Amino acid sequence: MHIPDGFISPSTYIPATVAAIPLLIVAWKKTKEAINDESYAFLSSLTAFSFVIMMFNIPIPGGTSGHAIGAAILAILFGPWVAAFCLSLTLFIQALIFGDGGLSVFAINSLAMGFVASFSAFYAHKLLHDRVNNNLVLFLAGWSGIVAASVVVAVALGIQPLLGVDALGHPIYFPFGLNVTLPAVVGSHLLVFGVVEGFATMLVMGFVEKIKNQSTAKGATV
């Protein structure tokens, strides 16, 4: 889902950058407030997990690529602001060092996979928590977060033919419109990547809960 450099026009990524900067500042401040010495290692481990799974990109015809994110896990455990900051930091490192995603479009990737995914997953979990089976809630939180992010990416790509053409009328930037990007990007995340994200959320959260229960039991025994 990483958008590379050259796919997006300045008329899109400049306003996105202006919007992302204050959000990232708030997210950084909230992350500093929320994290202490005990939780830092745990947060770092989960952020590293997101980093790794986002590096496994599978090409999408008519779009860019798809992969899991891990946004729901971070958002549920640490809150959406912390999740958004950690994922945005991961995206920046991937773009800067590995060329996975572009620096010029970092803000769009951050808004989609950092903020939209994290907040969508967090509030889906909050809305459904205690109403349906816990595993189903976790699955839907992971699924909804990544699908919401894919909508942002699909729209950002799909509007590019409207924003710049050459003398022959050919698109200067991303060549496919919304009629291609919405079914290709969103459709693949609805049916494939969202399912992977949902199950990954279930498995990791189940493992975390198991570790917490074991720690609680040991503490009670002592």
# chains A, B, ... in the order shown; residues from 1 in each chain; ligands from 1
>>> closest_atom_pairs(of="range 21-71 of chain A", to="range 188-192 of chain A", cutoff="9 Å", atoms="only C-alpha atoms", output="Markdown table")
| residue | atom | partner | partner_atom | distance |
| --- | --- | --- | --- | --- |
| A:Ile60 | CA | A:Ser188 | CA | 7.7 |
| A:Gly66 | CA | A:His189 | CA | 7.4 |
| A:His67 | CA | A:His189 | CA | 8.7 |
>>> residues_around(residues="Phe193 in chain A", least_positions_apart="2", cutoff="10 Å", atoms="only C-alpha atoms", output="number ranges by chain")
A: 58, 66-69, 142-143, 146-147, 150, 185-191, 195-199
>>> residues_around(residues="Pro15 in chain A", least_positions_apart="4", cutoff="10 Å", atoms="only C-alpha atoms", output="list of chain:residue names")
A:Pro10, A:Ser11, A:Ala19, A:Ala20, A:Ala107, A:Ile108
>>> write_last_selection(atoms="N, CA, C and O atoms", output="PDB file, in the first residue's frame")
ATOM      1  N   PRO A  10       2.159  17.402  -6.809  1.00  0.00           N
ATOM      2  CA  PRO A  10       2.366  18.329  -5.686  1.00  0.00           C
ATOM      3  C   PRO A  10       1.064  18.915  -5.151  1.00  0.00           C
ATOM      4  O   PRO A  10       0.969  19.219  -3.960  1.00  0.00           O
ATOM      5  N   SER A  11       0.070  19.064  -6.008  1.00  0.00           N
ATOM      6  CA  SER A  11      -1.210  19.612  -5.554  1.00  0.00           C
ATOM      7  C   SER A  11      -1.925  18.683  -4.595  1.00  0.00           C
ATOM      8  O   SER A  11      -2.892  19.082  -3.935  1.00  0.00           O
ATOM      9  N   ALA A  19      -1.330  19.050   6.383  1.00  0.00           N
ATOM     10  CA  ALA A  19      -2.283  18.450   7.322  1.00  0.00           C
ATOM     11  C   ALA A  19      -1.594  17.476   8.274  1.00  0.00           C
ATOM     12  O   ALA A  19      -1.979  17.372   9.446  1.00  0.00           O
ATOM     13  N   ALA A  20      -0.592  16.763   7.778  1.00  0.00           N
ATOM     14  CA  ALA A  20       0.045  15.714   8.584  1.00  0.00           C
ATOM     15  C   ALA A  20       0.963  16.275   9.663  1.00  0.00           C
ATOM     16  O   ALA A  20       1.082  15.671  10.741  1.00  0.00           O
ATOM     17  N   ALA A 107       3.633  11.966   3.770  1.00  0.00           N
ATOM     18  CA  ALA A 107       2.464  12.447   4.519  1.00  0.00           C
ATOM     19  C   ALA A 107       1.207  11.669   4.163  1.00  0.00           C
ATOM     20  O   ALA A 107       0.398  11.346   5.044  1.00  0.00           O
ATOM     21  N   ILE A 108       1.027  11.349   2.882  1.00  0.00           N
ATOM     22  CA  ILE A 108      -0.160  10.593   2.475  1.00  0.00           C
ATOM     23  C   ILE A 108      -0.104   9.184   3.049  1.00  0.00           C
ATOM     24  O   ILE A 108      -1.098   8.668   3.563  1.00  0.00           O
TER      25      ILE A 108
END
>>> select_by_dssp(residues="range 8-216 of chain A", states="alpha helix (DSSP H)", output="VMD selection string")
chain A and resid 10 to 34 37 to 54 71 to 78 80 to 93 106 to 109 117 to 128 134 to 158 178 to 181 187 to 188 194 to 216
>>> residues_around(residues="range 172-183 of chain A", least_positions_apart="3", cutoff="7 Å", atoms="only C-alpha atoms", output="PyMOL selection string")
chain A and resi 6-9+62-63+154-155+157-161+164-166+186-187
>>> write_last_selection(atoms="N, CA and C atoms", output="JSON list (two decimals), in the first residue's frame")
[["chain", "number", "residue", "atom", "x", "y", "z"],
["A", 6, "GLY", "N", 6.67, 10.09, -7.34],
["A", 6, "GLY", "CA", 6.35, 10.21, -8.74],
["A", 6, "GLY", "C", 4.93, 9.84, -9.11],
["A", 7, "PHE", "N", 4.21, 9.20, -8.18],
["A", 7, "PHE", "CA", 2.84, 8.80, -8.46],
["A", 7, "PHE", "C", 1.83, 9.89, -8.14],
["A", 8, "ILE", "N", 2.20, 10.83, -7.28],
["A", 8, "ILE", "CA", 1.27, 11.82, -6.75],
["A", 8, "ILE", "C", 1.73, 13.22, -7.09],
["A", 9, "SER", "N", 0.81, 14.07, -7.49],
["A", 9, "SER", "CA", 1.13, 15.45, -7.86],
["A", 9, "SER", "C", 1.37, 16.32, -6.64],
["A", 62, "GLY", "N", -3.17, -2.62, -11.15],
["A", 62, "GLY", "CA", -3.93, -1.38, -11.19],
["A", 62, "GLY", "C", -3.74, -0.50, -9.98],
["A", 63, "GLY", "N", -2.87, -0.91, -9.05],
["A", 63, "GLY", "CA", -2.63, -0.10, -7.86],
["A", 63, "GLY", "C", -1.16, -0.07, -7.53],
["A", 154, "ALA", "N", -6.39, 4.57, -2.36],
["A", 154, "ALA", "CA", -7.06, 4.43, -3.65],
["A", 154, "ALA", "C", -7.55, 5.78, -4.18],
["A", 155, "VAL", "N", -8.10, 6.60, -3.30],
["A", 155, "VAL", "CA", -8.60, 7.92, -3.72],
["A", 155, "VAL", "C", -7.43, 8.83, -4.10],
["A", 157, "LEU", "N", -4.55, 8.01, -5.27],
["A", 157, "LEU", "CA", -4.04, 7.59, -6.57],
["A", 157, "LEU", "C", -5.04, 7.87, -7.69],
["A", 158, "GLY", "N", -6.30, 7.56, -7.43],
["A", 158, "GLY", "CA", -7.31, 7.62, -8.48],
["A", 158, "GLY", "C", -7.64, 9.01, -8.98],
["A", 159, "ILE", "N", -7.39, 10.04, -8.16],
["A", 159, "ILE", "CA", -7.70, 11.40, -8.61],
["A", 159, "ILE", "C", -6.56, 12.02, -9.42],
["A", 160, "GLN", "N", -5.43, 11.35, -9.51],
["A", 160, "GLN", "CA", -4.27, 11.95, -10.18],
["A", 160, "GLN", "C", -4.49, 12.24, -11.67],
["A", 161, "PRO", "N", -5.20, 11.39, -12.43],
["A", 161, "PRO", "CA", -5.44, 11.74, -13.83],
["A", 161, "PRO", "C", -6.22, 13.04, -14.02],
["A", 164, "GLY", "N", -3.40, 16.48, -13.63],
["A", 164, "GLY", "CA", -2.28, 16.86, -14.49],
["A", 164, "GLY", "C", -2.16, 15.96, -15.70],
["A", 165, "VAL", "N", -2.18, 16.56, -16.91],
["A", 165, "VAL", "CA", -1.98, 15.82, -18.15],
["A", 165, "VAL", "C", -0.97, 16.56, -19.01],
["A", 166, "ASP", "N", -0.31, 15.82, -19.92],
["A", 166, "ASP", "CA", 0.65, 16.45, -20.82],
["A", 166, "ASP", "C", -0.07, 17.02, -22.05],
["A", 186, "VAL", "N", -8.91, -1.15, -2.92],
["A", 186, "VAL", "CA", -9.86, -1.41, -1.83],
["A", 186, "VAL", "C", -10.39, -2.83, -1.90],
["A", 187, "GLY", "N", -10.70, -3.30, -3.11],
["A", 187, "GLY", "CA", -11.22, -4.65, -3.25],
["A", 187, "GLY", "C", -10.25, -5.70, -2.73]]
>>> residues_around(residues="range 28-43 of chain A", least_positions_apart="2", cutoff="9 Å", atoms="only C-alpha atoms", output="PDB file with all heavy atoms, in the first residue's frame")
ATOM      1  N   LEU A  23      -0.628  16.926  13.060  1.00  0.00           N
ATOM      2  CA  LEU A  23      -1.075  15.644  13.613  1.00  0.00           C
ATOM      3  C   LEU A  23       0.106  14.850  14.162  1.00  0.00           C
ATOM      4  O   LEU A  23       0.014  14.234  15.232  1.00  0.00           O
ATOM      5  CB  LEU A  23      -1.799  14.830  12.537  1.00  0.00           C
ATOM      6  CG  LEU A  23      -3.162  15.359  12.078  1.00  0.00           C
ATOM      7  CD1 LEU A  23      -3.697  14.522  10.924  1.00  0.00           C
ATOM      8  CD2 LEU A  23      -4.158  15.367  13.234  1.00  0.00           C
ATOM      9  N   LEU A  24       1.219  14.868  13.449  1.00  0.00           N
ATOM     10  CA  LEU A  24       2.412  14.155  13.907  1.00  0.00           C
ATOM     11  C   LEU A  24       2.978  14.784  15.181  1.00  0.00           C
ATOM     12  O   LEU A  24       3.480  14.080  16.066  1.00  0.00           O
ATOM     13  CB  LEU A  24       3.472  14.138  12.803  1.00  0.00           C
ATOM     14  CG  LEU A  24       3.176  13.202  11.627  1.00  0.00           C
ATOM     15  CD1 LEU A  24       4.123  13.486  10.467  1.00  0.00           C
ATOM     16  CD2 LEU A  24       3.273  11.746  12.068  1.00  0.00           C
ATOM     17  N   ILE A  25       2.901  16.098  15.278  1.00  0.00           N
ATOM     18  CA  ILE A  25       3.380  16.781  16.491  1.00  0.00           C
ATOM     19  C   ILE A  25       2.537  16.374  17.695  1.00  0.00           C
ATOM     20  O   ILE A  25       3.068  16.059  18.764  1.00  0.00           O
ATOM     21  CB  ILE A  25       3.353  18.312  16.290  1.00  0.00           C
ATOM     22  CG1 ILE A  25       4.409  18.728  15.244  1.00  0.00           C
ATOM     23  CG2 ILE A  25       3.613  19.032  17.620  1.00  0.00           C
ATOM     24  CD1 ILE A  25       4.335  20.192  14.861  1.00  0.00           C
ATOM     25  N   VAL A  26       1.221  16.371  17.508  1.00  0.00           N
ATOM     26  CA  VAL A  26       0.326  15.951  18.597  1.00  0.00           C
ATOM     27  C   VAL A  26       0.585  14.490  18.956  1.00  0.00           C
ATOM     28  O   VAL A  26       0.649  14.119  20.137  1.00  0.00           O
ATOM     29  CB  VAL A  26      -1.148  16.158  18.192  1.00  0.00           C
ATOM     30  CG1 VAL A  26      -2.078  15.552  19.244  1.00  0.00           C
ATOM     31  CG2 VAL A  26      -1.453  17.628  18.006  1.00  0.00           C
ATOM     32  N   SER A  45       8.885  -3.472  20.473  1.00  0.00           N
ATOM     33  CA  SER A  45       8.752  -4.804  19.869  1.00  0.00           C
ATOM     34  C   SER A  45       7.585  -4.853  18.887  1.00  0.00           C
ATOM     35  O   SER A  45       7.706  -5.400  17.783  1.00  0.00           O
ATOM     36  CB  SER A  45       8.558  -5.859  20.959  1.00  0.00           C
ATOM     37  OG  SER A  45       9.665  -5.905  21.824  1.00  0.00           O
ATOM     38  N   LEU A  46       6.458  -4.273  19.280  1.00  0.00           N
ATOM     39  CA  LEU A  46       5.294  -4.287  18.398  1.00  0.00           C
ATOM     40  C   LEU A  46       5.502  -3.382  17.185  1.00  0.00           C
ATOM     41  O   LEU A  46       5.031  -3.683  16.087  1.00  0.00           O
ATOM     42  CB  LEU A  46       4.052  -3.852  19.170  1.00  0.00           C
ATOM     43  CG  LEU A  46       3.558  -4.842  20.222  1.00  0.00           C
ATOM     44  CD1 LEU A  46       2.377  -4.263  20.989  1.00  0.00           C
ATOM     45  CD2 LEU A  46       3.159  -6.174  19.585  1.00  0.00           C
ATOM     46  N   THR A  47       6.213  -2.274  17.370  1.00  0.00           N
ATOM     47  CA  THR A  47       6.531  -1.401  16.243  1.00  0.00           C
ATOM     48  C   THR A  47       7.452  -2.120  15.265  1.00  0.00           C
ATOM     49  O   THR A  47       7.289  -2.012  14.036  1.00  0.00           O
ATOM     50  CB  THR A  47       7.196  -0.102  16.735  1.00  0.00           C
ATOM     51  OG1 THR A  47       6.328   0.549  17.668  1.00  0.00           O
ATOM     52  CG2 THR A  47       7.467   0.839  15.572  1.00  0.00           C
ATOM     53  N   ALA A  48       8.424  -2.866  15.797  1.00  0.00           N
ATOM     54  CA  ALA A  48       9.314  -3.654  14.946  1.00  0.00           C
ATOM     55  C   ALA A  48       8.528  -4.717  14.181  1.00  0.00           C
ATOM     56  O   ALA A  48       8.813  -5.000  13.010  1.00  0.00           O
ATOM     57  CB  ALA A  48      10.404  -4.311  15.792  1.00  0.00           C
ATOM     58  N   LEU A  74      -1.399  -2.051  17.786  1.00  0.00           N
ATOM     59  CA  LEU A  74      -0.828  -0.893  18.470  1.00  0.00           C
ATOM     60  C   LEU A  74      -1.910   0.024  19.016  1.00  0.00           C
ATOM     61  O   LEU A  74      -1.807   0.541  20.138  1.00  0.00           O
ATOM     62  CB  LEU A  74       0.085  -0.123  17.512  1.00  0.00           C
ATOM     63  CG  LEU A  74       1.427  -0.780  17.178  1.00  0.00           C
ATOM     64  CD1 LEU A  74       2.047  -0.128  15.944  1.00  0.00           C
ATOM     65  CD2 LEU A  74       2.378  -0.686  18.357  1.00  0.00           C
ATOM     66  N   LEU A  77      -3.732  -1.512  22.141  1.00  0.00           N
ATOM     67  CA  LEU A  77      -2.888  -1.620  23.325  1.00  0.00           C
ATOM     68  C   LEU A  77      -2.392  -0.270  23.839  1.00  0.00           C
ATOM     69  O   LEU A  77      -2.243  -0.086  25.048  1.00  0.00           O
ATOM     70  CB  LEU A  77      -1.685  -2.526  23.027  1.00  0.00           C
ATOM     71  CG  LEU A  77      -2.008  -4.002  22.814  1.00  0.00           C
ATOM     72  CD1 LEU A  77      -0.769  -4.753  22.363  1.00  0.00           C
ATOM     73  CD2 LEU A  77      -2.558  -4.623  24.101  1.00  0.00           C
ATOM     74  N   PHE A  78      -2.133   0.672  22.937  1.00  0.00           N
ATOM     75  CA  PHE A  78      -1.512   1.935  23.349  1.00  0.00           C
ATOM     76  C   PHE A  78      -2.322   3.178  22.995  1.00  0.00           C
ATOM     77  O   PHE A  78      -1.947   4.284  23.383  1.00  0.00           O
ATOM     78  CB  PHE A  78      -0.123   2.057  22.722  1.00  0.00           C
ATOM     79  CG  PHE A  78       0.852   1.037  23.211  1.00  0.00           C
ATOM     80  CD1 PHE A  78       1.096  -0.122  22.495  1.00  0.00           C
ATOM     81  CD2 PHE A  78       1.532   1.222  24.411  1.00  0.00           C
ATOM     82  CE1 PHE A  78       1.993  -1.082  22.944  1.00  0.00           C
ATOM     83  CE2 PHE A  78       2.435   0.282  24.868  1.00  0.00           C
ATOM     84  CZ  PHE A  78       2.664  -0.874  24.135  1.00  0.00           C
ATOM     85  N   GLY A  79      -3.406   3.019  22.257  1.00  0.00           N
ATOM     86  CA  GLY A  79      -4.194   4.165  21.843  1.00  0.00           C
ATOM     87  C   GLY A  79      -3.857   4.576  20.422  1.00  0.00           C
ATOM     88  O   GLY A  79      -2.746   4.316  19.930  1.00  0.00           O
ATOM     89  N   TRP A  81      -3.291   7.522  18.939  1.00  0.00           N
ATOM     90  CA  TRP A  81      -2.245   8.524  18.704  1.00  0.00           C
ATOM     91  C   TRP A  81      -0.858   7.893  18.745  1.00  0.00           C
ATOM     92  O   TRP A  81      -0.001   8.181  17.902  1.00  0.00           O
ATOM     93  CB  TRP A  81      -2.345   9.652  19.716  1.00  0.00           C
ATOM     94  CG  TRP A  81      -3.486  10.583  19.482  1.00  0.00           C
ATOM     95  CD1 TRP A  81      -4.667  10.630  20.171  1.00  0.00           C
ATOM     96  CD2 TRP A  81      -3.582  11.594  18.472  1.00  0.00           C
ATOM     97  NE1 TRP A  81      -5.483  11.606  19.657  1.00  0.00           N
ATOM     98  CE2 TRP A  81      -4.851  12.230  18.629  1.00  0.00           C
ATOM     99  CE3 TRP A  81      -2.720  12.037  17.466  1.00  0.00           C
ATOM    100  CZ2 TRP A  81      -5.263  13.265  17.795  1.00  0.00           C
ATOM    101  CZ3 TRP A  81      -3.139  13.076  16.636  1.00  0.00           C
ATOM    102  CH2 TRP A  81      -4.390  13.679  16.808  1.00  0.00           C
ATOM    103  N   VAL A  82      -0.635   7.046  19.732  1.00  0.00           N
ATOM    104  CA  VAL A  82       0.658   6.363  19.838  1.00  0.00           C
ATOM    105  C   VAL A  82       0.860   5.444  18.628  1.00  0.00           C
ATOM    106  O   VAL A  82       1.940   5.396  18.038  1.00  0.00           O
ATOM    107  CB  VAL A  82       0.744   5.550  21.141  1.00  0.00           C
ATOM    108  CG1 VAL A  82       2.045   4.746  21.191  1.00  0.00           C
ATOM    109  CG2 VAL A  82       0.641   6.473  22.347  1.00  0.00           C
ATOM    110  N   ALA A  83      -0.181   4.709  18.255  1.00  0.00           N
ATOM    111  CA  ALA A  83      -0.094   3.822  17.095  1.00  0.00           C
ATOM    112  C   ALA A  83       0.224   4.610  15.832  1.00  0.00           C
ATOM    113  O   ALA A  83       1.079   4.199  15.026  1.00  0.00           O
ATOM    114  CB  ALA A  83      -1.405   3.067  16.930  1.00  0.00           C
ATOM    115  N   PHE A  85       1.737   7.485  15.529  1.00  0.00           N
ATOM    116  CA  PHE A  85       3.114   7.981  15.537  1.00  0.00           C
ATOM    117  C   PHE A  85       4.103   6.863  15.231  1.00  0.00           C
ATOM    118  O   PHE A  85       5.022   7.042  14.419  1.00  0.00           O
ATOM    119  CB  PHE A  85       3.459   8.622  16.878  1.00  0.00           C
ATOM    120  CG  PHE A  85       4.882   9.090  16.949  1.00  0.00           C
ATOM    121  CD1 PHE A  85       5.263  10.282  16.343  1.00  0.00           C
ATOM    122  CD2 PHE A  85       5.855   8.335  17.585  1.00  0.00           C
ATOM    123  CE1 PHE A  85       6.586  10.701  16.376  1.00  0.00           C
ATOM    124  CE2 PHE A  85       7.169   8.743  17.628  1.00  0.00           C
ATOM    125  CZ  PHE A  85       7.546   9.939  17.016  1.00  0.00           C
ATOM    126  N   CYS A  86       3.936   5.713  15.867  1.00  0.00           N
ATOM    127  CA  CYS A  86       4.871   4.605  15.663  1.00  0.00           C
ATOM    128  C   CYS A  86       4.833   4.106  14.221  1.00  0.00           C
ATOM    129  O   CYS A  86       5.874   3.821  13.617  1.00  0.00           O
ATOM    130  CB  CYS A  86       4.550   3.460  16.618  1.00  0.00           C
ATOM    131  SG  CYS A  86       4.905   3.851  18.342  1.00  0.00           S
TER     132      CYS A  86
END
>>> atom_distance(atom1="CA of Ala184 in chain A", atom2="CA of Ala156 in chain A")
13.4 Å
>>> atom_distance(atom1="CA of Val153 in chain A", atom2="CA of Asn109 in chain A")
7.6 Å
>>> select_by_dssp(residues="range 18-218 of chain A", states="strand (DSSP E)", output="list in words")
Ile58, Pro59, Ser65 and Gly66 of chain A
>>> write_last_selection(atoms="N, CA and C atoms", output="PDB file, in the first residue's frame")
ATOM      1  N   ILE A  58       3.025  -7.204  -1.646  1.00  0.00           N
ATOM      2  CA  ILE A  58       2.507  -8.027  -2.733  1.00  0.00           C
ATOM      3  C   ILE A  58       1.888  -7.097  -3.772  1.00  0.00           C
ATOM      4  N   PRO A  59       2.367  -7.119  -5.032  1.00  0.00           N
ATOM      5  CA  PRO A  59       1.847  -6.200  -6.058  1.00  0.00           C
ATOM      6  C   PRO A  59       0.342  -6.364  -6.280  1.00  0.00           C
ATOM      7  N   SER A  65       0.747  -1.759  -4.042  1.00  0.00           N
ATOM      8  CA  SER A  65       1.033  -3.039  -3.408  1.00  0.00           C
ATOM      9  C   SER A  65       0.176  -3.179  -2.161  1.00  0.00           C
ATOM     10  N   GLY A  66       0.107  -4.395  -1.645  1.00  0.00           N
ATOM     11  CA  GLY A  66      -0.658  -4.636  -0.432  1.00  0.00           C
ATOM     12  C   GLY A  66       0.171  -5.378   0.588  1.00  0.00           C
TER      13      GLY A  66
END
>>> atom_distance(atom1="CA of Phe139 in chain A", atom2="CA of Gly102 in chain A")
29.7 Å
>>> residues_around(residues="Ala121 in chain A", least_positions_apart="2", cutoff="9 Å", atoms="only C-alpha atoms", output="list in words")
Ala71, Ala72, Ile73, Ala75, Ile76, Pro80, Val116, Ala117, Ser118, Phe119, Tyr123, Ala124, His125, Lys126, Leu138, Leu140, Ala141, Gly142, Trp143, Ser144, Gly145, Ile146 and Ala148 of chain A
>>> closest_residue(among="A:Gly101, A:Thr90, A:Met113, A:Thr201", to="Val137 in chain A", atoms="only C-alpha atoms")
A:Thr201
>>> closest_residue(among="A:Pro4, A:Gly70, A:Gly169, A:Gly194", to="Gly99 in chain A", atoms="only C-alpha atoms")
A:Pro4
>>> decode(residues="range 41-63 of chain A", atoms="N, CA, C and O atoms", output="compact mmCIF listing (two decimals), in the first residue's frame")
# COMPACT_ATOMS: atom_id res chain seq x y z
N ALA A 41 9.86 -1.02 25.93
CA ALA A 41 10.36 -2.22 25.25
C ALA A 41 9.24 -2.95 24.52
O ALA A 41 9.41 -3.43 23.39
N PHE A 42 8.07 -3.02 25.17
CA PHE A 42 6.93 -3.69 24.57
C PHE A 42 6.47 -2.95 23.31
O PHE A 42 6.21 -3.56 22.27
N LEU A 43 6.37 -1.62 23.41
CA LEU A 43 5.97 -0.82 22.26
C LEU A 43 6.98 -0.95 21.13
O LEU A 43 6.60 -1.07 19.96
N SER A 44 8.26 -0.95 21.47
CA SER A 44 9.30 -1.08 20.45
C SER A 44 9.19 -2.42 19.73
O SER A 44 9.37 -2.49 18.51
N SER A 45 8.89 -3.47 20.47
CA SER A 45 8.75 -4.80 19.87
C SER A 45 7.59 -4.85 18.89
O SER A 45 7.71 -5.40 17.78
N LEU A 46 6.46 -4.27 19.28
CA LEU A 46 5.29 -4.29 18.40
C LEU A 46 5.50 -3.38 17.19
O LEU A 46 5.03 -3.68 16.09
N THR A 47 6.21 -2.27 17.37
CA THR A 47 6.53 -1.40 16.24
C THR A 47 7.45 -2.12 15.26
O THR A 47 7.29 -2.01 14.04
N ALA A 48 8.42 -2.87 15.80
CA ALA A 48 9.31 -3.65 14.95
C ALA A 48 8.53 -4.72 14.18
O ALA A 48 8.81 -5.00 13.01
N PHE A 49 7.52 -5.30 14.84
CA PHE A 49 6.66 -6.28 14.17
C PHE A 49 5.94 -5.63 12.99
O PHE A 49 5.88 -6.21 11.88
N SER A 50 5.41 -4.44 13.20
CA SER A 50 4.74 -3.72 12.10
C SER A 50 5.72 -3.40 10.98
O SER A 50 5.38 -3.51 9.79
N PHE A 51 6.92 -3.02 11.36
CA PHE A 51 7.96 -2.72 10.37
C PHE A 51 8.19 -3.93 9.47
O PHE A 51 8.25 -3.81 8.24
N VAL A 52 8.33 -5.09 10.08
CA VAL A 52 8.64 -6.31 9.32
C VAL A 52 7.49 -6.70 8.40
O VAL A 52 7.71 -6.98 7.21
N ILE A 53 6.27 -6.73 8.91
CA ILE A 53 5.15 -7.19 8.08
C ILE A 53 4.85 -6.20 6.95
O ILE A 53 4.35 -6.61 5.90
N MET A 54 5.17 -4.92 7.13
CA MET A 54 4.93 -3.96 6.06
C MET A 54 5.97 -4.06 4.96
O MET A 54 5.78 -3.52 3.87
N MET A 55 7.08 -4.74 5.22
CA MET A 55 8.10 -4.90 4.20
C MET A 55 7.76 -6.00 3.20
O MET A 55 8.35 -6.09 2.13
N PHE A 56 6.77 -6.84 3.53
CA PHE A 56 6.36 -7.91 2.62
C PHE A 56 5.25 -7.38 1.72
O PHE A 56 4.07 -7.53 2.00
N ASN A 57 5.65 -6.74 0.62
CA ASN A 57 4.71 -6.12 -0.30
C ASN A 57 4.32 -7.09 -1.42
O ASN A 57 5.19 -7.71 -2.04
N ILE A 58 3.02 -7.20 -1.65
CA ILE A 58 2.51 -8.03 -2.73
C ILE A 58 1.89 -7.10 -3.77
O ILE A 58 0.98 -6.32 -3.45
N PRO A 59 2.37 -7.12 -5.03
CA PRO A 59 1.85 -6.20 -6.06
C PRO A 59 0.34 -6.36 -6.28
O PRO A 59 -0.19 -7.48 -6.23
N ILE A 60 -0.32 -5.23 -6.52
CA ILE A 60 -1.75 -5.21 -6.83
C ILE A 60 -1.92 -4.69 -8.25
O ILE A 60 -1.48 -3.57 -8.54
N PRO A 61 -2.54 -5.44 -9.15
CA PRO A 61 -2.79 -4.93 -10.51
C PRO A 61 -3.63 -3.66 -10.46
O PRO A 61 -4.66 -3.61 -9.78
N GLY A 62 -3.17 -2.62 -11.15
CA GLY A 62 -3.93 -1.38 -11.19
C GLY A 62 -3.74 -0.50 -9.98
O GLY A 62 -4.36 0.56 -9.88
N GLY A 63 -2.87 -0.91 -9.05
CA GLY A 63 -2.63 -0.10 -7.86
C GLY A 63 -1.16 -0.07 -7.53
O GLY A 63 -0.33 0.10 -8.40
